[in-house]
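Chemist: Contents are compact mmCIF, C-alpha atoms and all ligand atoms; file name final.txt:
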# COMPACT_ATOMS: atom_id res chain seq x y z
CA MET D 879 113.77 119.83 102.70
CA GLN D 880 111.15 122.50 103.47
CA LYS D 881 110.61 123.03 99.73
CA ARG D 882 109.97 119.30 99.23
CA ALA D 883 107.63 119.15 102.24
CA ASN D 884 105.73 122.12 100.81
CA HIS D 885 105.48 120.30 97.48
CA LEU D 886 104.06 117.16 99.16
CA ILE D 887 101.41 119.34 100.78
CA ALA D 888 100.70 121.42 97.65
CA ILE D 889 99.96 118.38 95.48
CA LYS D 890 97.94 116.79 98.33
CA ALA D 891 100.22 113.75 98.78
CA PHE D 892 99.63 114.61 102.44
CA THR D 893 96.58 116.29 103.88
CA ARG D 894 95.61 116.85 107.49
CA GLN D 895 93.19 113.89 107.17
CA SER D 896 95.62 111.52 105.44
CA LEU D 897 98.58 112.00 107.76
CA PRO D 898 99.75 108.48 108.75
CA ILE D 899 100.57 109.57 112.33
CA PRO D 900 98.73 111.69 114.90
CA VAL D 901 99.98 115.29 114.90
CA PRO D 902 102.24 115.80 117.96
CA SER D 903 100.80 118.42 120.30
CA GLY D 904 102.25 121.88 119.90
CA THR D 905 103.15 121.36 116.23
CA SER D 906 101.27 121.92 113.01
CA TRP D 907 100.37 119.07 110.70
CA GLU D 908 102.49 120.74 108.03
CA SER D 909 105.60 120.48 110.21
CA ALA D 910 104.71 116.82 110.91
CA VAL D 911 104.97 116.20 107.13
CA LYS D 912 108.46 117.71 107.13
CA THR D 913 109.45 115.51 110.09
CA LEU D 914 108.18 112.40 108.27
CA LEU D 915 110.11 113.35 105.13
CA GLU D 916 113.29 113.90 107.15
CA LYS D 917 112.84 110.50 108.83
CA TRP D 918 112.38 108.81 105.44
CA GLU D 919 115.51 110.49 104.06
CA ASP D 920 117.47 109.50 107.20
CA GLU D 921 116.46 105.86 106.77
CA ARG D 922 117.75 105.76 103.21
CA THR D 923 121.02 107.56 103.85
CA GLY D 924 123.85 106.11 101.76
CA TYR D 925 121.63 104.51 99.13
CA LEU D 926 123.25 103.45 95.88
CA SER D 927 122.27 105.55 92.88
CA VAL D 928 122.86 104.13 89.39
CA ARG D 929 122.18 105.28 85.84
CA SER D 930 119.95 103.39 83.42
CA PRO D 931 121.30 103.12 79.86
CA ILE D 932 117.78 103.75 78.52
CA SER D 933 115.49 106.67 79.34
CA PHE D 934 111.89 106.69 80.51
CA GLU D 935 110.98 108.67 77.39
CA THR D 936 112.41 105.99 75.07
CA LEU D 937 110.79 103.15 77.04
CA PHE D 938 107.45 104.99 76.92
CA GLU D 939 107.73 105.69 73.20
CA ARG D 940 108.65 102.07 72.41
CA SER D 941 105.77 100.75 74.52
CA ARG D 942 103.36 102.20 71.93
CA GLN D 943 104.21 99.39 69.54
CA GLN D 944 101.91 96.42 69.25
CA LYS D 945 101.31 94.57 72.51
CA GLY D 946 103.08 91.25 72.84
CA ILE D 947 106.22 92.27 70.96
CA PHE D 948 109.28 92.14 73.17
CA PRO D 949 112.47 94.14 72.62
CA LEU D 950 115.02 92.37 70.44
CA ILE D 951 117.50 92.18 73.30
CA ALA D 952 115.15 89.82 75.17
CA GLU D 953 115.85 87.22 72.46
CA GLU D 954 119.55 87.21 73.26
CA ARG D 955 119.33 85.01 76.32
CA ALA D 956 123.08 84.94 76.90
CA ALA D 957 123.16 88.75 77.13
CA VAL D 958 121.92 88.53 80.72
CA LYS D 959 125.40 87.54 81.82
CA SER D 960 126.76 90.90 80.67
CA PHE D 961 124.04 92.91 82.43
CA ALA D 962 124.89 95.07 85.43
CA TYR D 963 124.12 93.11 88.60
CA TYR D 964 122.99 94.78 91.81
CA PRO D 965 122.98 92.24 94.66
CA SER D 966 120.60 92.73 97.54
CA LEU D 967 122.89 94.91 99.65
CA GLY D 968 120.65 97.84 100.45
CA ILE D 969 118.63 100.64 98.99
CA LEU D 970 119.08 101.16 95.25
CA GLN D 971 117.79 103.98 93.08
CA ILE D 972 117.89 103.76 89.30
CA ARG D 973 117.58 106.98 87.30
CA ASP D 974 117.82 107.85 83.63
CA ALA D 975 120.03 110.62 82.23
CA LYS D 976 117.30 113.20 82.89
CA GLY D 977 116.91 112.12 86.51
CA VAL D 978 113.63 110.22 86.06
CA ILE D 979 113.46 107.34 88.54
CA LEU D 980 113.08 104.00 86.75
CA GLY D 981 113.52 101.65 89.70
CA TYR D 982 113.83 101.71 93.48
CA ARG D 983 114.71 98.93 95.92
CA PHE D 984 113.86 99.50 99.56
CA LYS D 985 113.75 97.56 102.81
CA ILE D 986 110.57 96.13 104.30
CA PRO D 987 110.37 95.56 108.10
CA PRO D 988 110.60 91.80 108.92
CA HIS D 989 107.35 91.66 110.94
CA LEU D 990 105.35 92.64 107.85
CA LEU D 991 106.89 89.78 105.87
CA THR D 992 106.20 87.33 108.71
CA THR D 993 102.53 88.34 108.61
CA LEU D 994 102.54 88.02 104.82
CA ASN D 995 104.08 84.56 104.98
CA ASN D 996 101.74 83.27 107.71
CA SER D 997 98.58 84.73 106.20
CA SER D 998 99.43 83.36 102.74
CA GLN D 999 99.72 79.84 104.14
CA THR D 1000 96.10 79.96 105.32
CA LEU D 1001 94.87 80.37 101.75
CA ASN D 1002 93.99 77.10 100.09
CA SER D 1003 96.49 75.66 97.70
CA TYR D 1004 95.37 74.39 94.32
CA GLU D 1005 96.32 71.10 92.75
CA ALA D 1006 97.61 71.13 89.20
CA GLY D 1007 94.83 70.50 86.74
CA THR D 1008 92.06 70.79 89.30
CA SER D 1009 89.48 73.48 89.44
CA ARG D 1010 88.12 75.19 92.47
CA GLY D 1011 85.63 77.84 93.47
CA GLY D 1012 84.40 79.36 90.22
CA GLY D 1013 86.04 76.58 88.25
CA ARG D 1014 89.30 78.35 87.47
CA ASP D 1015 92.62 76.60 87.42
CA ARG D 1016 95.21 78.96 88.79
CA LEU D 1017 98.23 76.66 88.79
CA ARG D 1018 99.25 77.13 85.25
CA LEU D 1019 102.06 77.76 82.84
CA GLY D 1020 101.12 81.30 82.02
CA PRO D 1021 103.09 84.03 80.34
CA ARG D 1022 105.13 84.44 83.51
CA GLY D 1023 106.00 80.81 84.34
CA LEU D 1024 104.53 77.89 86.29
CA TYR D 1025 103.40 78.80 89.77
CA GLU D 1026 100.25 79.51 91.71
CA THR D 1027 98.82 82.96 91.32
CA ARG D 1028 95.91 84.99 92.69
CA HIS D 1029 94.77 88.40 91.52
CA TYR D 1030 92.80 90.40 94.04
CA ALA D 1031 91.79 93.37 92.00
CA VAL D 1032 89.41 96.20 91.26
CA TRP D 1033 89.63 96.90 87.55
CA ALA D 1034 87.55 97.86 84.55
CA ASP D 1035 89.07 95.65 81.84
CA TYR D 1036 86.23 93.26 81.43
CA SER D 1037 83.25 95.45 82.23
CA LYS D 1038 81.87 98.94 81.67
CA LYS D 1039 82.21 99.58 85.38
CA TYR D 1040 84.75 98.91 88.13
CA VAL D 1041 84.50 95.32 89.36
CA GLU D 1042 86.31 93.07 91.77
CA SER D 1043 88.28 90.26 90.17
CA GLN D 1044 86.76 86.82 89.84
CA GLU D 1045 89.56 85.35 91.94
CA LEU D 1046 88.70 87.57 94.90
CA LEU D 1047 85.03 86.67 94.57
CA GLU D 1048 85.94 82.97 94.50
CA ASP D 1049 88.21 83.19 97.55
CA GLY D 1050 85.58 85.29 99.34
CA GLU D 1051 86.07 86.04 103.02
CA LYS D 1052 89.43 84.20 103.13
CA GLY D 1053 90.78 86.48 100.45
CA ARG D 1054 89.41 89.58 102.17
CA GLU D 1055 90.96 88.45 105.45
CA TRP D 1056 94.35 88.08 103.68
CA LEU D 1057 94.00 91.63 102.35
CA ARG D 1058 93.09 92.95 105.81
CA GLU D 1059 96.00 91.15 107.48
CA ASN D 1060 98.47 92.65 105.02
CA GLN D 1061 97.08 96.17 104.98
CA GLU D 1062 100.01 97.43 107.06
CA LEU D 1063 102.46 96.03 104.50
CA PHE D 1064 100.55 97.62 101.60
CA ASP D 1065 100.46 100.94 103.46
CA TYR D 1066 104.18 100.71 104.19
CA CYS D 1067 104.99 100.23 100.48
CA SER D 1068 102.51 103.00 99.57
CA ASN D 1069 104.29 105.41 101.92
CA GLN D 1070 107.60 104.66 100.23
CA LEU D 1071 106.00 105.67 96.93
CA ARG D 1072 104.44 108.72 98.58
CA PHE D 1073 107.87 110.14 99.41
CA LEU D 1074 109.75 108.88 96.34
CA CYS D 1075 107.25 109.76 93.59
CA PRO D 1076 104.40 111.70 95.24
CA GLU D 1077 102.73 112.46 91.90
CA GLN D 1078 102.23 108.73 91.32
CA TYR D 1079 100.76 108.37 94.81
CA VAL D 1080 98.33 111.22 94.16
CA ARG D 1081 97.31 109.74 90.79
CA LEU D 1082 96.58 106.39 92.45
CA THR D 1083 94.66 107.77 95.41
CA GLY D 1084 92.91 110.84 93.94
CA SER D 1085 89.83 111.22 91.70
CA VAL D 1086 89.90 107.61 90.56
CA VAL D 1087 89.29 106.39 94.13
CA LYS D 1088 86.31 108.73 94.56
CA ASP D 1089 84.91 107.55 91.23
CA MET D 1090 85.45 103.89 92.17
CA ALA D 1091 83.64 104.41 95.49
CA LYS D 1092 80.42 105.22 93.59
CA THR D 1093 80.24 101.53 92.65
CA GLN D 1094 79.20 98.78 95.05
CA ASN D 1095 80.80 95.35 94.98
CA ALA D 1096 78.93 92.35 93.52
CA ASP D 1097 76.82 91.59 96.62
CA GLY D 1098 76.19 95.29 97.33
CA ALA D 1099 77.87 94.99 100.74
CA ARG D 1100 80.55 97.64 100.28
CA LYS D 1101 81.83 100.43 98.11
CA LEU D 1102 84.76 99.46 95.91
CA ARG D 1103 88.19 100.70 96.92
CA PRO D 1104 91.84 99.97 96.08
CA LEU D 1105 93.00 96.63 97.46
CA GLY D 1106 96.79 96.97 97.67
CA GLY D 1107 97.23 100.18 99.68
CA ALA D 1108 97.58 102.95 97.09
CA TRP D 1109 97.67 100.35 94.31
CA HIS D 1110 94.31 99.10 93.09
CA GLU D 1111 95.36 95.48 92.73
CA ALA D 1112 97.43 92.92 94.61
CA CYS D 1113 98.75 89.73 93.07
CA LEU D 1114 99.98 86.83 95.20
CA ASN D 1115 102.40 84.40 93.56
CA GLN D 1116 103.23 81.21 95.41
CA GLY D 1117 105.45 78.20 94.90
CA MET D 1118 108.05 79.31 92.38
CA ASP D 1119 110.87 76.77 92.60
CA SER D 1120 113.66 75.24 90.52
CA LYS D 1121 111.09 73.45 88.34
CA SER D 1122 108.90 76.46 87.70
CA GLY D 1123 110.92 78.24 85.06
CA SER D 1124 110.20 81.85 84.34
CA ARG D 1125 109.25 83.70 81.22
CA CYS D 1126 110.04 87.11 79.91
CA HIS D 1127 106.91 89.25 79.90
CA GLN D 1128 105.66 92.80 80.04
CA ASP D 1129 102.57 93.80 82.01
CA TRP D 1130 100.79 95.35 79.05
CA LEU D 1131 97.57 96.18 80.91
CA ASP D 1132 99.27 98.12 83.72
CA ASP D 1133 99.21 101.90 83.70
CA LYS D 1134 102.35 103.13 81.93
CA ARG D 1135 102.97 106.03 84.30
CA LEU D 1136 102.84 104.01 87.48
CA PHE D 1137 105.31 101.75 89.20
CA ASN D 1138 104.33 98.33 90.29
CA CYS D 1139 105.82 97.02 93.52
CA VAL D 1140 107.19 93.51 93.95
CA ALA D 1141 108.35 91.88 97.17
CA PRO D 1142 109.53 88.28 97.53
CA PHE D 1143 108.77 86.31 100.69
CA GLY D 1144 108.77 82.80 102.10
CA GLU D 1145 111.00 80.50 104.12
CA GLY D 1146 114.09 81.16 102.01
CA PHE D 1147 115.34 80.69 98.45
CA GLU D 1148 118.35 81.33 96.29
CA GLY D 1149 118.43 82.79 92.79
CA GLY D 1150 115.40 84.63 91.48
CA GLU D 1151 117.06 87.90 90.47
CA LEU D 1152 114.81 90.20 88.48
CA VAL D 1153 116.02 90.81 84.93
CA LEU D 1154 115.10 94.17 83.40
CA TRP D 1155 115.85 93.61 79.72
CA GLN D 1156 115.92 97.08 78.12
CA MET D 1157 117.68 98.47 81.21
CA LYS D 1158 120.30 95.70 80.93
CA MET D 1159 120.18 95.06 84.65
CA ARG D 1160 119.77 92.16 87.06
CA ILE D 1161 118.33 93.20 90.40
CA GLY D 1162 118.98 91.01 93.42
CA LEU D 1163 115.75 90.70 95.37
CA GLU D 1164 115.81 88.78 98.62
CA ILE D 1165 113.26 88.42 101.39
CA GLY D 1166 113.07 91.86 102.99
CA ASP D 1167 113.37 93.78 99.70
CA GLY D 1168 110.61 95.67 97.94
CA PHE D 1169 111.15 96.95 94.40
CA PHE D 1170 109.40 99.56 92.26
CA PHE D 1171 109.73 99.40 88.48
CA TYR D 1172 107.68 99.97 85.33
CA GLY D 1173 106.38 96.48 84.57
CA SER D 1174 104.33 97.92 81.72
CA LEU D 1175 107.34 99.47 79.96
CA VAL D 1176 110.17 97.04 80.71
CA ALA D 1177 110.30 93.40 79.63
CA HIS D 1178 111.18 91.45 82.76
CA GLU D 1179 111.53 87.99 84.19
CA VAL D 1180 112.61 86.22 87.35
CA MET D 1181 115.79 84.17 86.95
CA ASP D 1182 115.85 80.51 87.96
CA ILE D 1183 115.36 79.62 91.60
CA THR D 1184 118.31 77.40 92.49
CA THR D 1185 117.13 76.27 95.94
CA GLY D 1186 114.02 76.77 98.04
CA VAL D 1187 110.68 78.30 97.14
CA ARG D 1188 110.08 81.92 96.17
CA ASN D 1189 106.72 83.52 96.83
CA SER D 1190 106.01 87.13 95.99
CA ILE D 1191 103.45 89.86 95.97
CA ASP D 1192 103.03 92.32 93.14
CA LEU D 1193 101.08 95.51 93.70
CA PHE D 1194 99.93 97.04 90.43
CA THR D 1195 97.18 99.08 88.77
CA HIS D 1196 95.58 98.54 85.40
CA ALA D 1197 95.23 101.46 83.00
CA SER D 1198 91.55 100.57 82.53
CA ASN D 1199 90.63 102.26 85.83
CA PHE D 1200 91.98 105.60 84.62
CA GLU D 1201 90.38 105.13 81.21
CA LEU D 1202 87.01 104.59 82.90
CA LEU D 1203 87.57 107.65 85.11
CA ALA D 1204 88.32 109.73 81.98
CA LYS D 1205 85.06 108.47 80.40
CA HIS D 1206 83.09 109.39 83.52
CA GLU D 1207 84.73 112.83 83.71
CA LYS D 1208 83.96 113.44 80.02
CA ALA D 1209 80.34 112.39 80.52
CA ALA D 1210 80.05 114.67 83.59
CA ALA D 1211 81.59 117.59 81.65
CA ASN D 1212 79.15 116.96 78.77
CA LYS D 1213 76.27 116.92 81.24
CA VAL D 1214 77.35 120.29 82.66
CA LYS D 1215 77.74 121.64 79.11
CA HIS D 1216 74.25 120.38 78.26
CA LEU D 1217 72.77 121.95 81.42
CA VAL D 1218 74.43 125.29 80.65
CA LYS D 1219 73.08 125.13 77.07
CA GLU D 1220 69.58 124.30 78.37
CA LYS D 1221 69.72 127.21 80.79
CA LEU D 1222 70.86 129.58 78.04
CA ARG D 1223 68.06 128.34 75.77
CA ALA D 1224 65.46 128.85 78.53
CA THR D 1225 66.76 132.39 79.22
CA ARG D 1226 66.67 133.20 75.52
CA LYS D 1227 63.08 131.92 75.19
CA LYS D 1228 61.99 133.92 78.24
CA GLU D 1229 63.57 137.03 76.73
CA GLU D 1230 61.84 136.41 73.42
CA ARG D 1231 58.49 135.96 75.20
CA ARG D 1232 59.02 139.20 77.08
CA LYS D 1233 59.82 141.05 73.84
CA VAL D 1234 56.72 139.61 72.12
CA GLU D 1235 54.59 140.76 75.06
CA GLU D 1236 56.24 144.17 75.02
CA ASN D 1237 55.68 144.48 71.27
CA ALA D 1238 52.05 143.40 71.65
CA GLY D 1239 51.59 146.06 74.34
CA ALA D 1240 53.23 148.70 72.16
CA ARG D 1241 51.14 147.64 69.17
CA SER D 1242 47.92 147.87 71.17
CA LYS D 1243 48.91 151.35 72.43
CA ILE D 1244 49.59 152.43 68.83
CA GLN D 1245 46.22 151.02 67.76
CA GLN D 1246 44.49 152.82 70.62
CA GLY D 1247 46.26 156.06 69.69
CA LYS D 1248 45.27 155.57 66.06
CA LYS D 1249 41.65 154.99 67.04
CA LEU D 1250 41.66 158.07 69.28
CA ARG D 1251 43.16 160.17 66.53
CA GLN D 1252 40.59 158.84 64.02
CA SER D 1253 37.66 159.51 66.34
CA ALA D 1254 39.07 163.00 67.13
CA ALA D 1255 39.43 163.70 63.42
CA CYS D 1256 35.91 162.44 62.85
CA LEU D 1257 34.60 164.70 65.61
CA MET D 1258 36.39 167.71 64.14
CA LYS D 1259 34.98 166.93 60.73
CA ASN D 1260 31.44 166.66 62.09
CA LYS D 1261 31.84 169.94 63.98
CA SER D 1262 33.10 171.81 60.91
CA GLY D 1263 30.22 170.38 58.81
CA MET D 1264 27.62 171.70 61.22
FE FE V 1301 105.29 91.23 85.70
The structure in this file should be written as structure tokens.

Modeler:
Amino acid sequence: MQKRANHLIAIKAFTRQSLPIPVPSGTSWESAVKTLLEKWEDERTGYLSVRSPISFETLFERSRQQKGIFPLIAEERAAVKSFAYYPSLGILQIRDAKGVILGYRFKIPPHLLTTLNNSSQTLNSYEAGTSRGGGRDRLRLGPRGLYETRHYAVWADYSKKYVESQELLEDGEKGREWLRENQELFDYCSNQLRFLCPEQYVRLTGSVVKDMAKTQNADGARKLRPLGGAWHEACLNQGMDSKSGSRCHQDWLDDKRLFNCVAPFGEGFEGGELVLWQMKMRIGLEIGDGFFFYGSLVAHEVMDITTGVRNSIDLFTHASNFELLAKHEKAAANKVKHLVKEKLRATRKKEERRKVEENAGARSKIQQGKKLRQSAACLMKNKSGM
């Protein structure tokens, strides 16, 4: 446990400033990290660990193929029945043969879901076929199915800089209030990731966040920052019912090395298991469950809702933010390179100037010597001629 706590500190998943609790008096912040890790491990004692029939490496390799092409198995609709089913009975960890975690189901405290449910009801609902705010119709039969969806995001897909999503700008203060009200939930899910896959947490919250903060939002009122806890984007899906249907999809724009986090909520529903096609699994997700998986690598869909209404949040991060960070880092490195080159050039020029001056001085001394020798010789000549 100490080794793991040391690792969390070494990679800066925890720092003195980012500790989620005040340091108890008489202890160091480092030992507080170990206590938090022990508490997290205690809470998940007895979790079910299962093996995925496909590895992360294979999923990653296959995701390089053209976007929009689903794995062949997703065309065999009846195959779902033969998939391994994991009902919502507790914490579940899915690993591949090399031990890489491909999925993780955890429990979310009920009060956070109550807040999520209440706050989501205060957002306006859209009518089918009507437009609102910026004129966008968000009740639509999209690639994922027919239900209402909002993306509150900071991304760089549609611009050369980080920008907030149009849907957040349209919802304005109401949307920001929803984000504020659910901050505790986002932080809770982020902390699960922080212990489970700390490298992912560090990737999400490190340099990219500092780079993002250099950009102001559209009205210049605030610096941009991630909106879903550690994740940069939060999607709210509402009103999935027995008529909605669901479609197999892959979240092609999401970063391939990061989990997204889904959590259903609402007044109650039945059905709605999450199908992970290449992993040949059906994951039971009920209200109170959160689930990490690679939405960008695995074709997935929500099975039919048999009764009730399923709402959900999805915390995710687009790859475009890291691509923009890489561009900025490259430009900064080039600038440093250019400055170093300029400095070297200036030093070289100064040295050349100094040498020219030295040479000129030496030349003038030689000339003077020559003149002195000539006049001395002349004097000697005149004397001898006398
Ligand atoms: Fe998805």

Chemist: In terms of the shortest atom-to-atom distance over only C-alpha atoms, which of D:Ala1224, D:Ala910, D:Val1187, D:Val958 is closest to Leu1154 in chain D?

Modeler: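 Using only C-alpha atoms, Leu1154 in chain D sits closest to D:Val958.
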
Chemist: Within 7 Å of ligand FE 1301 (chain V), counting only C-alpha atoms and all ligand atoms: which residues, as a ChimeraX atom specification?

Modeler: /D:1127-1129,1173,1178

Chemist: Could you please give me, as a PyMOL selection string, the residues of protein, DNA or RNA lying at most 7 Å from (108.7, 86.7, 102.8) in the coordinate frame of the file, considering all atoms listed in the file?

Modeler: chain D and resi 991-992+994-995+1142-1145+1165-1166

Chemist: Between CA of Lys890 in chain D and CA of Pro1076 in chain D, measure the distance and give it in Å to one decimal.

Modeler: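 These two atoms are separated by 8.8 Å.
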
Chemist: Please produce, as JSON lines, a per-residue contact table for range 1072-1107 of chain D versus range 1192-1215 of chain D (criterion: any atom at most 7 Å away, all atoms listed in the file considered), showing the nearest atom pair and its distance in Å to one decimal, sorted by chain then residue number.

Modeler:
{"residue": "D:Val1086", "atom": "CA", "partner": "D:Leu1203", "partner_atom": "CA", "distance": 5.9}
{"residue": "D:Asp1089", "atom": "CA", "partner": "D:Leu1203", "partner_atom": "CA", "distance": 6.7}
{"residue": "D:Gly1106", "atom": "CA", "partner": "D:Leu1193", "partner_atom": "CA", "distance": 6.0}

Chemist: Find the residues near Gly924 in chain D: any atom within 10 Å, counting all atoms listed in the file, skip ones fewer than 5 places away on the same chain, and give them as a PDB file with C-alpha atoms, in the coordinates of the input.

Modeler:
ATOM      1  CA  GLU D 919     115.510 110.490 104.060  1.00  0.00           C
ATOM      2  CA  GLY D 968     120.650  97.840 100.450  1.00  0.00           C
ATOM      3  CA  ILE D 969     118.630 100.640  98.990  1.00  0.00           C
ATOM      4  CA  LEU D 970     119.080 101.160  95.250  1.00  0.00           C
TER       5      LEU D 970
END

Chemist: Could you tell me how far CA of Ser1043 in chain D sits from CA of Ser1190 in chain D, in Å to one decimal place?

Modeler: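 Computing it gives 18.9 Å between the two atoms.
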
Chemist: Which residues of range 1121-1157 of chain D come within 12 Å of range 1071-1074 of chain D, and for each one, what is the closest pair of atoms and their distance in Å to one decimal, counting all atoms listed in the file, sorted by chain and residue number, as JSON lines?

Modeler:
{"residue": "D:Leu1136", "atom": "CA", "partner": "D:Leu1071", "partner_atom": "CA", "distance": 10.1}
{"residue": "D:Phe1137", "atom": "CA", "partner": "D:Leu1071", "partner_atom": "CA", "distance": 8.7}
{"residue": "D:Asn1138", "atom": "CA", "partner": "D:Leu1071", "partner_atom": "CA", "distance": 10.0}
{"residue": "D:Cys1139", "atom": "CA", "partner": "D:Leu1071", "partner_atom": "CA", "distance": 9.3}

Chemist: Which of these residues is nearest to Tyr1172 in chain D, using all atoms listed in the file: D:Glu908, D:Asp1065, D:Glu953, D:Asp1132?

Modeler: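 Looking at the shortest contact to Tyr1172 in chain D, the residue is D:Asp1132.
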
Chemist: Please determine, counting only C-alpha atoms, which residue among D:Cys1113, D:Leu1217, D:Ala975, D:Ile1183 has the shortest atom-to-atom distance to Glu935 in chain D.

Modeler: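 Comparing D:Cys1113, D:Leu1217, D:Ala975, D:Ile1183 against Glu935 in chain D, the winner is D:Ala975.
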
Chemist: I need the residue nearest Val1080 in chain D from this list: D:Ile979, D:Met879, D:Ala888, D:Leu1163. Use only C-alpha atoms for the distance.

Modeler: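 Selected residue with least distance to Val1080 in chain D: D:Ala888.
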
Chemist: Give me the residues near Leu1001 in chain D as a short mmCIF file (atom, residue, chain, number, x, y, z; two decimals) with C-alpha atoms, in the frame of the given file, where near means some atom within 10 Å (using all atoms listed in the file) and where sequence neighbours in that chain fewer than 5 positions away do not count.

Modeler:
data_model
loop_
_atom_site.label_atom_id
_atom_site.label_comp_id
_atom_site.auth_asym_id
_atom_site.auth_seq_id
_atom_site.Cartn_x
_atom_site.Cartn_y
_atom_site.Cartn_z
CA ASN D 996 101.74 83.27 107.71
CA ASP D 1049 88.21 83.19 97.55
CA LYS D 1052 89.43 84.20 103.13
CA GLY D 1053 90.78 86.48 100.45
CA GLU D 1055 90.96 88.45 105.45
CA TRP D 1056 94.35 88.08 103.68
#

Chemist: With only C-alpha atoms as the basis for distance, which of D:Ile951, D:Val928, D:Val1176, D:Leu1063 is at the shortest distance from His989 in chain D?

Modeler: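 Nearest candidate to His989 in chain D out of D:Ile951, D:Val928, D:Val1176, D:Leu1063: D:Leu1063.
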
Chemist: Work out how far apart CA of Leu1114 in chain D and CA of Leu1082 in chain D are and give it in Å to one decimal.

Modeler: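 Calculated distance between CA of Leu1114 in chain D and CA of Leu1082 in chain D is 20.0 Å.
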
Chemist: Can you work out which one of D:Pro898, D:Ala891, D:Ser906, D:Glu1179 has the shortest atom-to-atom distance to Arg1081 in chain D, counting all atoms listed in the file?

Modeler: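 Among the listed residues, D:Ala891 lies closest to Arg1081 in chain D.
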
Chemist: Which neighbours of Ser1120 in chain D fall inside 12 Å, counting only C-alpha atoms, when residues of the same chain fewer than 3 positions from it are skipped, and could you give them as a PyMOL selection string?

Modeler: chain D and resi 1023-1025+1117+1123-1124+1147-1150+1180-1188

Chemist: Leaving out Ala956 in chain D and any residue of its chain fewer than 5 positions from it, which residues lie within 12 Å of it when counting only C-alpha atoms, given as number ranges by chain?

Modeler: D: 951, 961, 1155, 1158

Chemist: Identify the residues within 10 Å of coordinate (106.3, 99.8, 105.3) (same frame as the file), considering all atoms listed in the file, and give the answer as a list of chain:residue names.

Modeler: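 Looking at atoms near the point gives D:Phe984, D:Lys985, D:Ile986, D:Pro987, D:Pro988, D:His989, D:Leu990, D:Gln1061, D:Glu1062, D:Leu1063, D:Phe1064, D:Asp1065, D:Tyr1066, D:Cys1067, D:Ser1068, D:Asn1069, D:Gln1070, D:Gly1168.
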